[in-house]
Amino acid sequence: MTTRNRRIAVLTASTALLLAPLASPSYADPPPSDDGLGFVHADRSADEPAPRRTARATPVDARVGTLTTRPAGLPDGTGSRRLASAKVKQDLVKDRVEATIVLDQAPGPEAHVFVEFGRQIDSTCHGEATFSSPTATPTAGFSRSGRTITMRIASDEAGYETWDCAFVVLAGTPDGTPVYDALIGELVDVLAKPVLKLGKPTLLDKAKQPIRLVRGVWTVVEVPVQNTSRADALNVKITGKGKGVKVKKVTIPKVWPEGRTSVRVKVKLTKAGKSKLKLSASTAQVKGTRTVKLKSVAAPKRAASGNYRTKNGDVRFQVKGGKIVGFRATTLQTCGGYPDFPTYNQVTLDFPKTAIGRNGIVDRVQTKELYTVSLQLRISGGKVTAGKFNYYGPNRCWAAEAFSMKR
């Protein structure tokens with residue numbers, strides 16, 4: 001239950017204890033104290049706004065507090081009327097408040113626990129949101145096991161408020177009187193950390209496993225990398241290890257919050273048969289892994305020399321001395337786009353001379369100052385499959401052509 005129509009004030013400088021209903025939404029600050037925090041539950045419709053925290057570069061996922069300060073002037077509660085410990089959490093990601101409260105002993109006579117989040121002004125924690133329940137027979141959002149009471153409640157406020165303190169009060173009635181015990185403390189920011197996940201690796205755009213590799217040949221495998229958190233993932237290192245497997249390390253400068261990218265990783269099998277490759281994406285803070293099955297296969301037929309072209313003639317090239325030369329692709333280029341309409345025109349693009357691997361695979365990217373082109377294909381004898389050509393240039397221009405062909 002959330003309440004906003006009462007005030008609880010514990011004056012830490014004396015034994016004075018005040019519990020009274022609010023006559024207005026204004027504050028009544030307690031006297032200065034050298035004994036720690038006091039607490040006041042108040043309506044946040046007060047004219048004077050609470051101070052806000054300075055924005056941080058790294059998002060805050062949660063605020064947590066272990067409440068250890070016991071205000072002076074409270075009765076000497078014992079057993080089920082005394083708080084042994086209290087921990088609280090404001091979860092900004094899941095829009096939720098949580099608490100774990102331990103009593104000195106399991107509840108006997110019914111009492112009530114109040115959990116309140118707020119802001120610290122001077123030496124007082126001014127509460128803003130209260131959640132309460134009987135101790136022996138908890139209400140919705142609360143549960144109990146022996147002398148431990150757990151709270152987990154969805155709260156829209158928890159997703160955006162900048163609370164920096166909290167307190168837990170143990171009282172005799174739902175109105176908060178009499179007060180048996182209380183614990184107060186500050187909340188500490190839990191900064192977001194990147195969370196890295198690796199997707200299914202692909203070979204020539206196919207995610208089929210086991211990935212079939214020709215032993216002894218470095219082969220490019222495309223590995224999707226996702227950062228599911230609200231924090232930047234910086235200097236992400238992609239590595240791999242496995243029996244009979246070699247991997248060349250790759251570094252991604254940055255994976256954006258809740259973003260994804262892919263990286264080209266070179267893999268080589270050094271033994272025949274089946275293997276397992278454990279891929280890792282790691283930063284100084286976190287690590288994500290994925291295990292991939294590999295299988296060695298025989299090398300395909302050597303690429304036959306001669307002229308190659310698609311049936312419509314849009315893509316053509318020659319194979320000479322185990323290399324692709326004179327590659328040309330006539331394709332539709334798209335430029336621009338939102339907020340304007342894109343424009344289209346037919347262009348003929350080329351690709352530089354490229355060696356064909358012993359595995360029959362071509363997988364190469366060429367990046368220049370103004371454009372990037374890539375070429376992928378598999379060739380065996382005089383047959384080409386899994387062909388794909390891409391171009392990205394200035395003015396948001398791009399073109400893509402998928403193809404297969406025979407000599």
# chains A, B, ... in the order shown; residues from 1 in each chain; ligands from 1
>>> closest_atom_pairs(of="segment 200-289 of chain A", to="segment 92-110 of chain A", cutoff="12 Å", atoms="only C-alpha atoms", output="CSV")
residue,atom,partner,partner_atom,distance
A:Thr228,CA,A:Val93,CA,11.9
A:Ser229,CA,A:Val93,CA,9.7
A:Arg230,CA,A:Val93,CA,9.2
>>> write_last_selection(atoms="all heavy atoms", output="PDB file, in the first residue's frame")
ATOM      1  N   THR A 228      22.724  -5.509 -24.492  1.00  0.00           N
ATOM      2  CA  THR A 228      21.329  -5.368 -24.067  1.00  0.00           C
ATOM      3  C   THR A 228      21.147  -4.379 -22.920  1.00  0.00           C
ATOM      4  O   THR A 228      20.024  -4.182 -22.455  1.00  0.00           O
ATOM      5  CB  THR A 228      20.765  -6.737 -23.631  1.00  0.00           C
ATOM      6  OG1 THR A 228      21.535  -7.234 -22.523  1.00  0.00           O
ATOM      7  CG2 THR A 228      20.824  -7.730 -24.778  1.00  0.00           C
ATOM      8  N   SER A 229      22.218  -3.745 -22.448  1.00  0.00           N
ATOM      9  CA  SER A 229      22.100  -2.828 -21.315  1.00  0.00           C
ATOM     10  C   SER A 229      21.945  -1.392 -21.790  1.00  0.00           C
ATOM     11  O   SER A 229      21.934  -1.110 -22.997  1.00  0.00           O
ATOM     12  CB  SER A 229      23.331  -2.933 -20.412  1.00  0.00           C
ATOM     13  OG  SER A 229      24.395  -2.165 -20.941  1.00  0.00           O
ATOM     14  N   ARG A 230      21.878  -0.461 -20.810  1.00  0.00           N
ATOM     15  CA  ARG A 230      21.754   0.963 -21.118  1.00  0.00           C
ATOM     16  C   ARG A 230      23.098   1.675 -21.073  1.00  0.00           C
ATOM     17  O   ARG A 230      23.164   2.895 -21.162  1.00  0.00           O
ATOM     18  CB  ARG A 230      20.803   1.622 -20.126  1.00  0.00           C
ATOM     19  CG  ARG A 230      19.415   0.989 -20.095  1.00  0.00           C
ATOM     20  CD  ARG A 230      18.453   1.806 -19.267  1.00  0.00           C
ATOM     21  NE  ARG A 230      18.879   1.908 -17.888  1.00  0.00           N
ATOM     22  CZ  ARG A 230      18.467   2.837 -17.039  1.00  0.00           C
ATOM     23  NH1 ARG A 230      17.604   3.747 -17.441  1.00  0.00           N
ATOM     24  NH2 ARG A 230      18.882   2.848 -15.781  1.00  0.00           N
TER      25      ARG A 230
END
>>> select_by_dssp(residues="segment 372-407 of chain A", states="strand (DSSP E)", output="PyMOL selection string")
chain A and resi 372-380+383-393+397-406
>>> closest_residue(among="A:Pro138, A:Gly127, A:Gly159, A:Pro75", to="Ala171 of chain A", atoms="only C-alpha atoms")
A:Pro75
>>> closest_residue(among="A:Ser133, A:Thr283, A:Thr239, A:Gln90", to="Lys254 of chain A", atoms="only C-alpha atoms")
A:Thr283
>>> closest_residue(among="A:Ala231, A:Glu128, A:Val169, A:Lys293", to="Pro201 of chain A", atoms="only C-alpha atoms")
A:Lys293
